[in-house]
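Chemist: input-v1.txt is reproduced below (compact mmCIF, C-alpha atoms).
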```txt
# COMPACT_ATOMS: atom_id res chain seq x y z
CA MET A 1 4.83 -48.41 9.10
CA CYS A 2 5.24 -48.85 12.87
CA ALA A 3 8.45 -46.81 12.92
CA GLY A 4 6.68 -43.94 11.15
CA ILE A 5 3.74 -43.97 13.53
CA VAL A 6 5.99 -44.17 16.60
CA GLY A 7 7.91 -41.21 15.26
CA ILE A 8 4.70 -39.21 15.08
CA LEU A 9 3.76 -40.18 18.64
CA ASP A 10 7.22 -39.26 19.92
CA ASN A 11 7.14 -35.85 18.22
CA PRO A 12 6.54 -33.17 20.90
CA ASN A 13 5.36 -30.71 18.23
CA ILE A 14 2.33 -32.86 17.38
CA ASP A 15 -0.67 -32.45 19.68
CA CYS A 16 -3.38 -34.43 17.87
CA VAL A 17 -3.49 -37.53 15.70
CA TYR A 18 -6.11 -39.04 13.43
CA ILE A 19 -6.12 -42.84 13.31
CA PRO A 20 -7.59 -44.15 10.02
CA LEU A 21 -5.87 -47.55 10.18
CA PRO A 22 -7.76 -50.82 9.52
CA ASN A 23 -10.27 -51.56 12.29
CA GLY A 24 -8.18 -54.25 13.93
CA LEU A 25 -5.36 -51.77 14.63
CA HIS A 26 -7.49 -49.02 16.22
CA TYR A 27 -7.35 -50.36 19.77
CA GLU A 28 -3.57 -50.67 20.01
CA TRP A 29 -2.66 -47.42 18.33
CA ALA A 30 -5.34 -45.37 20.11
CA LEU A 31 -3.94 -46.56 23.44
CA ARG A 32 -0.38 -45.90 22.32
CA ALA A 33 -1.33 -42.40 21.17
CA LEU A 34 -3.15 -41.62 24.42
CA LYS A 35 -0.17 -42.88 26.41
CA ALA A 36 2.01 -40.50 24.39
CA GLY A 37 -0.30 -37.67 25.47
CA LYS A 38 -1.87 -37.11 22.05
CA HIS A 39 -5.47 -36.11 21.48
CA VAL A 40 -7.04 -38.79 19.27
CA LEU A 41 -9.63 -38.62 16.51
CA LEU A 42 -10.32 -42.31 15.97
CA GLU A 43 -11.91 -43.64 12.81
CA LYS A 44 -15.07 -45.68 13.23
CA PRO A 45 -15.73 -48.31 14.31
CA SER A 46 -13.65 -47.36 17.32
CA VAL A 47 -12.35 -50.90 17.91
CA ASN A 48 -12.98 -54.55 17.03
CA ASN A 49 -15.49 -55.49 19.74
CA ALA A 50 -17.19 -54.33 22.92
CA ALA A 51 -14.51 -55.78 25.20
CA GLU A 52 -11.89 -53.59 23.54
CA ALA A 53 -14.24 -50.59 23.69
CA GLU A 54 -14.76 -51.02 27.43
CA ILE A 55 -11.00 -51.02 28.05
CA LEU A 56 -10.21 -48.15 25.69
CA PHE A 57 -12.92 -45.70 26.70
CA ASN A 58 -12.54 -46.48 30.41
CA SER A 59 -8.76 -46.24 30.27
CA PRO A 60 -7.03 -44.43 33.16
CA LEU A 61 -5.26 -42.46 30.44
CA LEU A 62 -8.53 -40.54 29.95
CA SER A 63 -8.81 -39.47 33.59
CA GLY A 64 -6.88 -36.92 35.56
CA PRO A 65 -6.70 -33.12 35.57
CA SER A 66 -5.89 -32.60 31.85
CA PRO A 67 -6.47 -35.88 30.01
CA PRO A 68 -6.14 -36.20 26.24
CA VAL A 69 -9.28 -36.12 24.12
CA LEU A 70 -10.57 -39.29 22.48
CA LEU A 71 -13.34 -39.06 19.88
CA GLU A 72 -14.76 -41.76 17.63
CA ALA A 73 -15.31 -40.22 14.20
CA ALA A 74 -19.06 -40.78 13.86
CA HIS A 75 -19.05 -37.70 11.64
CA TYR A 76 -22.74 -37.63 10.66
CA VAL A 77 -23.68 -36.71 14.25
CA PHE A 78 -21.96 -33.33 13.88
CA HIS A 79 -23.86 -32.09 10.84
CA PRO A 80 -26.72 -29.62 11.47
CA ALA A 81 -29.11 -31.92 9.61
CA TRP A 82 -28.69 -34.56 12.33
CA THR A 83 -29.40 -31.96 15.02
CA VAL A 84 -32.56 -30.89 13.19
CA PHE A 85 -33.61 -34.51 12.65
CA MET A 86 -33.22 -35.35 16.35
CA SER A 87 -35.19 -32.23 17.33
CA HIS A 88 -38.24 -33.97 15.79
CA VAL A 89 -37.53 -37.33 17.44
CA THR A 90 -38.74 -38.13 20.95
CA PRO A 91 -36.73 -41.23 21.93
CA ALA A 92 -39.12 -42.39 24.67
CA GLU A 93 -42.01 -42.33 22.16
CA VAL A 94 -40.32 -44.15 19.25
CA ALA A 95 -42.16 -47.32 18.27
CA SER A 96 -39.86 -48.38 15.44
CA ALA A 97 -36.85 -47.20 13.51
CA LYS A 98 -34.95 -48.52 10.52
CA ALA A 99 -31.50 -47.39 9.37
CA MET A 100 -30.09 -48.43 6.00
CA MET A 101 -26.62 -47.95 4.56
CA TRP A 102 -25.44 -48.96 1.09
CA VAL A 103 -22.19 -48.96 -0.85
CA PRO A 104 -22.34 -49.54 -4.63
CA LYS A 105 -21.06 -52.92 -5.70
CA TRP A 106 -18.17 -51.52 -7.75
CA GLN A 107 -16.60 -49.46 -4.96
CA PHE A 108 -14.58 -52.10 -3.08
CA ALA A 109 -12.56 -54.95 -4.61
CA ALA A 110 -13.12 -58.52 -3.44
CA ASP A 111 -9.84 -58.48 -1.52
CA ASP A 112 -10.45 -55.10 0.18
CA ILE A 113 -9.49 -54.87 3.86
CA ARG A 114 -13.21 -54.68 4.66
CA TYR A 115 -13.31 -58.41 3.94
CA ARG A 116 -10.33 -59.37 6.09
CA TYR A 117 -11.41 -60.90 9.39
CA ASP A 118 -7.98 -60.46 11.00
CA LEU A 119 -8.23 -56.70 10.39
CA GLY A 120 -11.76 -56.39 11.76
CA GLY A 121 -13.54 -56.60 8.44
CA GLY A 122 -17.24 -57.06 7.74
CA ALA A 123 -20.23 -55.01 6.65
CA LEU A 124 -21.46 -54.75 10.24
CA MET A 125 -18.13 -53.23 11.23
CA ASP A 126 -18.12 -50.78 8.34
CA LEU A 127 -21.73 -49.85 7.63
CA GLY A 128 -23.14 -51.11 10.95
CA ALA A 129 -21.04 -48.52 12.78
CA TYR A 130 -23.38 -45.95 11.21
CA THR A 131 -26.68 -47.79 11.53
CA ALA A 132 -26.16 -49.19 15.04
CA SER A 133 -25.06 -45.84 16.46
CA ALA A 134 -27.99 -44.11 14.76
CA LEU A 135 -30.50 -46.56 16.26
CA ALA A 136 -29.02 -46.13 19.75
CA ARG A 137 -29.36 -42.35 19.45
CA ILE A 138 -32.90 -42.52 18.09
CA PHE A 139 -34.09 -44.78 20.93
CA GLY A 140 -31.90 -43.00 23.47
CA THR A 141 -30.48 -46.28 24.71
CA ILE A 142 -28.87 -49.53 23.68
CA ALA A 143 -30.95 -52.47 22.46
CA GLU A 144 -31.83 -55.25 24.89
CA GLU A 145 -31.30 -57.96 22.29
CA CYS A 146 -30.61 -58.58 18.63
CA GLU A 147 -33.48 -60.93 17.84
CA GLU A 148 -32.27 -61.85 14.38
CA CYS A 149 -29.43 -61.05 12.01
CA ALA A 150 -29.19 -62.45 8.51
CA THR A 151 -25.89 -62.04 6.68
CA GLN A 152 -24.25 -63.02 3.41
CA ALA A 153 -20.59 -63.97 3.54
CA ALA A 154 -17.85 -62.19 1.66
CA ALA A 155 -16.37 -64.18 -1.21
CA CYS A 156 -12.85 -64.33 0.25
CA ASP A 157 -13.66 -65.07 3.93
CA SER A 158 -16.87 -66.63 5.26
CA ARG A 159 -16.25 -65.02 8.66
CA CYS A 160 -16.74 -61.59 7.11
CA ASP A 161 -20.24 -60.45 6.23
CA ARG A 162 -20.79 -58.67 2.93
CA LEU A 163 -24.33 -57.63 3.82
CA PHE A 164 -26.54 -57.75 6.90
CA LYS A 165 -30.14 -57.35 7.96
CA ALA A 166 -30.64 -57.16 11.73
CA ARG A 167 -33.62 -56.72 14.04
CA TYR A 168 -33.29 -55.44 17.62
CA ARG A 169 -35.65 -55.19 20.57
CA PHE A 170 -35.30 -52.01 22.60
CA PRO A 171 -36.55 -51.25 26.13
CA GLY A 172 -40.29 -50.59 26.16
CA GLY A 173 -40.91 -52.83 23.17
CA GLY A 174 -39.34 -50.62 20.50
CA LEU A 175 -38.33 -52.32 17.25
CA GLY A 176 -35.06 -51.34 15.59
CA GLU A 177 -33.93 -52.64 12.23
CA MET A 178 -30.81 -52.02 10.21
CA GLU A 179 -29.56 -53.11 6.82
CA GLY A 180 -26.28 -52.70 5.01
CA ASP A 181 -24.60 -53.99 1.88
CA LEU A 182 -21.01 -53.43 0.71
CA LYS A 183 -21.97 -54.48 -2.82
CA ALA A 184 -25.40 -52.96 -3.23
CA PRO A 185 -27.19 -52.66 -6.59
CA LEU A 186 -27.35 -49.20 -8.10
CA ASN A 187 -30.99 -48.70 -7.08
CA ARG A 188 -29.88 -48.73 -3.44
CA LEU A 189 -27.60 -45.76 -2.95
CA SER A 190 -29.25 -43.42 -0.43
CA PRO A 191 -28.52 -44.15 3.25
CA ASP A 192 -31.90 -43.52 4.87
CA ILE A 193 -33.53 -43.61 8.29
CA HIS A 194 -37.25 -44.21 8.91
CA VAL A 195 -38.77 -43.48 12.33
CA VAL A 196 -42.33 -44.14 13.53
CA HIS A 197 -43.49 -42.77 16.88
CA LYS A 198 -46.15 -44.26 19.09
CA PRO A 199 -49.57 -42.58 18.89
CA ILE A 200 -49.86 -39.90 21.59
CA VAL A 201 -52.57 -37.47 22.65
CA VAL A 202 -51.69 -33.87 21.75
CA SER A 203 -53.31 -30.49 22.24
CA GLY A 204 -55.28 -28.66 19.62
CA ALA A 205 -52.50 -26.08 19.45
CA GLU A 206 -49.99 -28.80 18.56
CA ALA A 207 -52.35 -30.14 15.90
CA GLY A 208 -53.19 -26.70 14.54
CA VAL A 209 -56.94 -27.08 15.11
CA LYS A 210 -59.55 -26.21 17.68
CA GLU A 211 -60.41 -29.05 20.05
CA SER A 212 -64.06 -30.11 20.36
CA PRO A 213 -65.56 -30.84 23.78
CA GLY A 214 -65.47 -34.53 24.69
CA GLU A 215 -62.88 -35.33 22.03
CA GLU A 216 -59.11 -35.73 21.98
CA ILE A 217 -56.53 -35.55 19.25
CA VAL A 218 -54.04 -38.36 18.64
CA ARG A 219 -50.85 -37.83 16.66
CA THR A 220 -48.58 -40.44 15.04
CA ARG A 221 -45.32 -38.91 13.83
CA LYS A 222 -43.30 -40.48 11.02
CA ILE A 223 -39.90 -39.21 9.86
CA LYS A 224 -37.76 -40.09 6.87
CA PHE A 225 -34.18 -38.81 6.82
CA THR A 226 -32.65 -39.27 3.38
CA THR A 227 -28.85 -39.41 3.01
CA PHE A 228 -28.35 -39.29 6.78
CA ALA A 229 -24.72 -40.46 6.70
CA GLN A 230 -23.60 -37.80 4.22
CA PRO A 231 -26.18 -35.02 4.60
CA ALA A 232 -23.94 -32.49 2.88
CA PHE A 233 -25.11 -34.17 -0.33
CA LEU A 234 -28.77 -33.47 -1.07
CA HIS A 235 -30.35 -34.68 2.17
CA SER A 236 -33.96 -34.18 3.20
CA ILE A 237 -35.92 -34.67 6.41
CA GLN A 238 -39.60 -35.39 5.84
CA VAL A 239 -41.78 -35.08 8.94
CA THR A 240 -45.31 -36.44 8.57
CA ASP A 241 -47.79 -36.03 11.41
CA GLU A 242 -50.93 -38.16 11.09
CA PHE A 243 -53.78 -36.84 13.25
CA ARG A 244 -57.12 -38.28 14.20
CA THR A 245 -59.78 -37.24 16.65
CA ARG A 246 -61.60 -39.70 18.87
CA LYS A 247 -63.89 -39.63 21.85
CA ALA A 248 -61.89 -38.76 24.95
CA GLY A 249 -60.45 -41.92 26.51
CA ASP A 250 -61.54 -44.16 23.62
CA ALA A 251 -58.53 -46.37 22.83
CA SER A 252 -60.50 -48.60 20.45
CA GLY A 253 -58.94 -46.89 17.47
CA LYS A 254 -62.15 -45.57 15.95
CA ALA A 255 -61.42 -42.19 14.40
CA LEU A 256 -63.97 -39.39 14.10
CA LYS A 257 -61.77 -37.38 11.76
CA GLU A 258 -58.34 -37.86 10.18
CA TRP A 259 -55.86 -35.50 8.54
CA THR A 260 -52.13 -35.18 7.86
CA HIS A 261 -49.54 -32.43 8.13
CA SER A 262 -46.27 -32.93 6.28
CA LYS A 263 -43.16 -30.83 5.85
CA THR A 264 -39.72 -31.31 4.33
CA ILE A 265 -36.72 -29.73 6.04
CA LYS A 266 -33.13 -29.23 4.95
CA ALA A 267 -30.28 -27.82 7.01
CA TYR A 268 -26.82 -27.43 5.50
CA SER A 269 -25.71 -24.95 8.14
CA PHE A 270 -26.71 -24.26 11.72
CA ARG A 271 -27.70 -20.78 10.65
CA GLU A 272 -30.33 -22.30 8.32
CA ALA A 273 -31.62 -24.28 11.30
CA GLY A 274 -31.91 -21.14 13.44
CA ILE A 275 -29.02 -22.21 15.66
CA ASP A 276 -26.23 -19.84 16.61
CA GLN A 277 -23.23 -22.02 15.79
CA PRO A 278 -20.41 -21.76 13.22
CA GLY A 279 -20.79 -23.56 9.92
CA GLU A 280 -21.20 -23.04 6.21
CA PRO A 281 -23.51 -24.80 3.72
CA HIS A 282 -20.49 -26.21 1.86
CA TRP A 283 -18.97 -27.80 4.97
CA PRO A 284 -18.98 -31.61 4.86
CA THR A 285 -19.73 -33.66 7.97
CA TYR A 286 -15.99 -34.06 8.57
CA ARG A 287 -15.49 -30.30 8.80
CA TYR A 288 -18.30 -29.94 11.33
CA GLN A 289 -16.78 -32.81 13.30
CA LEU A 290 -13.32 -31.25 13.26
CA GLU A 291 -14.76 -27.99 14.59
CA GLN A 292 -16.08 -29.72 17.70
CA PHE A 293 -12.96 -31.87 18.14
CA VAL A 294 -10.78 -28.74 18.17
CA ASN A 295 -13.21 -27.03 20.54
CA GLU A 296 -12.89 -29.93 22.98
CA VAL A 297 -9.09 -29.97 22.71
CA ARG A 298 -8.95 -26.21 23.38
CA GLY A 299 -11.46 -26.29 26.21
CA ARG A 300 -14.17 -24.41 24.35
CA ASP A 301 -17.90 -24.96 24.35
CA VAL A 302 -18.83 -28.21 22.55
CA ARG A 303 -22.33 -28.59 21.10
CA GLN A 304 -22.24 -32.05 19.50
CA TRP A 305 -20.22 -35.01 20.72
CA VAL A 306 -19.78 -38.79 20.69
CA ASP A 307 -18.78 -39.83 24.19
CA GLY A 308 -17.20 -43.08 25.34
CA ALA A 309 -20.54 -44.57 26.36
CA ASP A 310 -21.88 -43.95 22.84
CA SER A 311 -18.91 -45.75 21.31
CA ILE A 312 -19.17 -48.67 23.72
CA ASN A 313 -22.89 -49.02 22.96
CA THR A 314 -22.23 -49.06 19.22
CA MET A 315 -19.80 -51.95 19.62
CA LYS A 316 -22.22 -53.81 21.90
CA MET A 317 -24.91 -53.50 19.22
CA ILE A 318 -22.52 -54.82 16.55
CA ASP A 319 -21.44 -57.70 18.79
CA MET A 320 -25.09 -58.57 19.41
CA ALA A 321 -25.67 -58.78 15.66
CA TYR A 322 -22.65 -61.01 15.06
CA THR A 323 -23.78 -63.31 17.87
CA ALA A 324 -27.30 -63.51 16.45
CA ALA A 325 -25.83 -64.25 13.00
CA LYS A 326 -23.69 -67.03 14.53
CA LEU A 327 -20.54 -65.35 13.28
CA PRO A 328 -17.44 -64.86 15.44
CA LEU A 329 -16.82 -61.48 17.03
CA ARG A 330 -13.94 -59.63 15.47
CA PRO A 331 -10.68 -60.76 17.16
CA THR A 332 -9.44 -59.01 20.28
CA SER A 333 -6.04 -57.37 20.01
CA GLU A 334 -3.10 -59.03 21.72
CA TYR A 335 -1.77 -55.62 22.71
CA LYS A 336 -1.55 -55.25 26.49
CA PRO A 337 -1.50 -51.57 27.49
CA ALA A 338 0.00 -52.26 30.91
CA GLU A 339 2.88 -54.21 29.43
CA ASN A 340 3.78 -52.23 26.33
CA THR A 341 5.13 -48.78 25.59
CA THR A 342 5.22 -46.60 22.50
```
Take the structure I supplied and represent it as structure tokens, if you would.
Modeler:
Amino acid sequence: MCAGIVGILDNPNIDCVYIPLPNGLHYEWALRALKAGKHVLLEKPSVNNAAEAEILFNSPLLSGPSPPVLLEAAHYVFHPAWTVFMSHVTPAEVASAKAMMWVPKWQFAADDIRYRYDLGGGALMDLGAYTASALARIFGTIAEECEECATQAAACDSRCDRLFKARYRFPGGGLGEMEGDLKAPLNRLSPDIHVVHKPIVVSGAEAGVKESPGEEIVRTRKIKFTTFAQPAFLHSIQVTDEFRTRKAGDASGKALKEWTHSKTIKAYSFREAGIDQPGEPHWPTYRYQLEQFVNEVRGRDVRQWVDGADSINTMKMIDMAYTAAKLPLRPTSEYKPAENTT
């Protein structure tokens, strides 16, 4: 295997490489590819732990006048549905968010690489790469602490989690939760996100009503994004705004009037979302991602991206969860970029 990969990296006719190797090999081969001058699309999670992420995404290989491109393949971020979803989220006003990711129990065998600790296995590494990155984007920052993480061990290695349920505290008191299961029952198939905003005072125009003197309107926005990780397949974004009027300045919670506005949105192309950007309804998330990766490589305008800080934050969130669960972090690679060559 190594000889084949080295041959690819040594080939001057190859500009870009995609690294879909087991998690535990991402760090070494991403660094080797960057050193060979290749642009890298790196499968998620980017690496095994936050320490590796800090080294990789802050590598001197990524600086200079014309550095190679490095992108973690968090493909859901590139779909127009995610752009539309985030247009209804105000990170500073989010009170709570929950991201859930399921894989049906028959999909992966008991000895799958996802259950091999030495290769960076575990549900948090696989499914948590989606849910942790989604929470960080929704809150606009990394969590301060993982307050609790319950896991169930894989049958073949107790160091690898088969499922997880984690709770994070975000700056400003926000609550973030995430769940994932690599052997989920068939009634848990849709990867969903639920977001609840803090109550805020809005104008009558925003509420679609005429304001009465001496009163103010309070809105609590709730959003459910169904099938967020693969929105090319029958996703929906339900935005529910709960309104109530109260006497101006009265924070007691007593409502004079209450009503709700709800709408369901779908966006399979940017054109459907009213955004001038290439894309077709049949494009999967991976195709949208590839479009932006190529744009970055060719120096074109890039609309959606996952930068190094995003990838580092995702790994920090996963490490927090493993620490809270009293499980070991995934092992750090022995590869030393300053001492090795391709």
Chemist: Taking only residues of range 31-125 of chain A that have an atom at most 7 Å from an atom of range 164-177 of chain A, what is each one's shortest atom pair and its distance in Å to one decimal, using all atoms listed in the file, in chain and number order, as CSV?
Modeler:
```
residue,atom,partner,partner_atom,distance
A:Val94,CA,A:Gly174,CA,6.7
A:Ala95,CA,A:Gly174,CA,4.9
A:Ser96,CA,A:Leu175,CA,4.6
A:Ala97,CA,A:Gly176,CA,5.0
A:Lys98,CA,A:Glu177,CA,4.6
A:Ala99,CA,A:Glu177,CA,6.5
A:Ala123,CA,A:Phe164,CA,6.9
A:Leu124,CA,A:Phe164,CA,6.8
```
Chemist: What does the distance from CA of Lys326 in chain A to CA of Val306 in chain A come to in Å, to one decimal?
Modeler: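 Calculated distance between CA of Lys326 in chain A and CA of Val306 in chain A is 29.2 Å.
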Chemist: Report as AutoDock Vina command-line options the centre and the edge lengths, in Å to one decimal, of the axis-aligned box holding every listed atom of range 105-121 of chain A, padded by 6 Å on each side.
Modeler:
```
--center_x -14.5 --center_y -55.2 --center_z 2.0 --size_x 25.1 --size_y 23.4 --size_z 31.5
```
Chemist: Ranking A:Lys198, A:Lys222, A:Gly37, A:Trp29 by minimum distance to Asn13 in chain A and counting all atoms listed in the file, which one comes first?
Modeler: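 Between A:Lys198, A:Lys222, A:Gly37, A:Trp29, the residue approaching Asn13 in chain A most closely is A:Gly37.
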Chemist: Which protein, DNA or RNA residues have an atom at most 12 Å from (-26.0, -57.6, 18.8), counting all atoms listed in the file? List them as a PyMOL selection string.
Modeler: chain A and resi 49-50+124-125+128-129+132+136+142-150+164-170+176-178+313-329
Chemist: Using all atoms listed in the file, pick whichever of A:Pro284, A:Gly64, A:Pro185, A:Pro45 has the shortest atom-to-atom distance to Ala232 in chain A.
Modeler: A:Pro284
Chemist: To one decimal place in Å, what is the distance between CA of Val218 in chain A and CA of His194 in chain A?
Modeler: 20.3 Å
Chemist: (-23.5, -46.6, -5.2) in this file's frame - what residues fall within 12 Å of it? Use all atoms listed in the file and give the answer as an MDAnalysis selection string.
Modeler: chainID A and resid 101:108 181:191
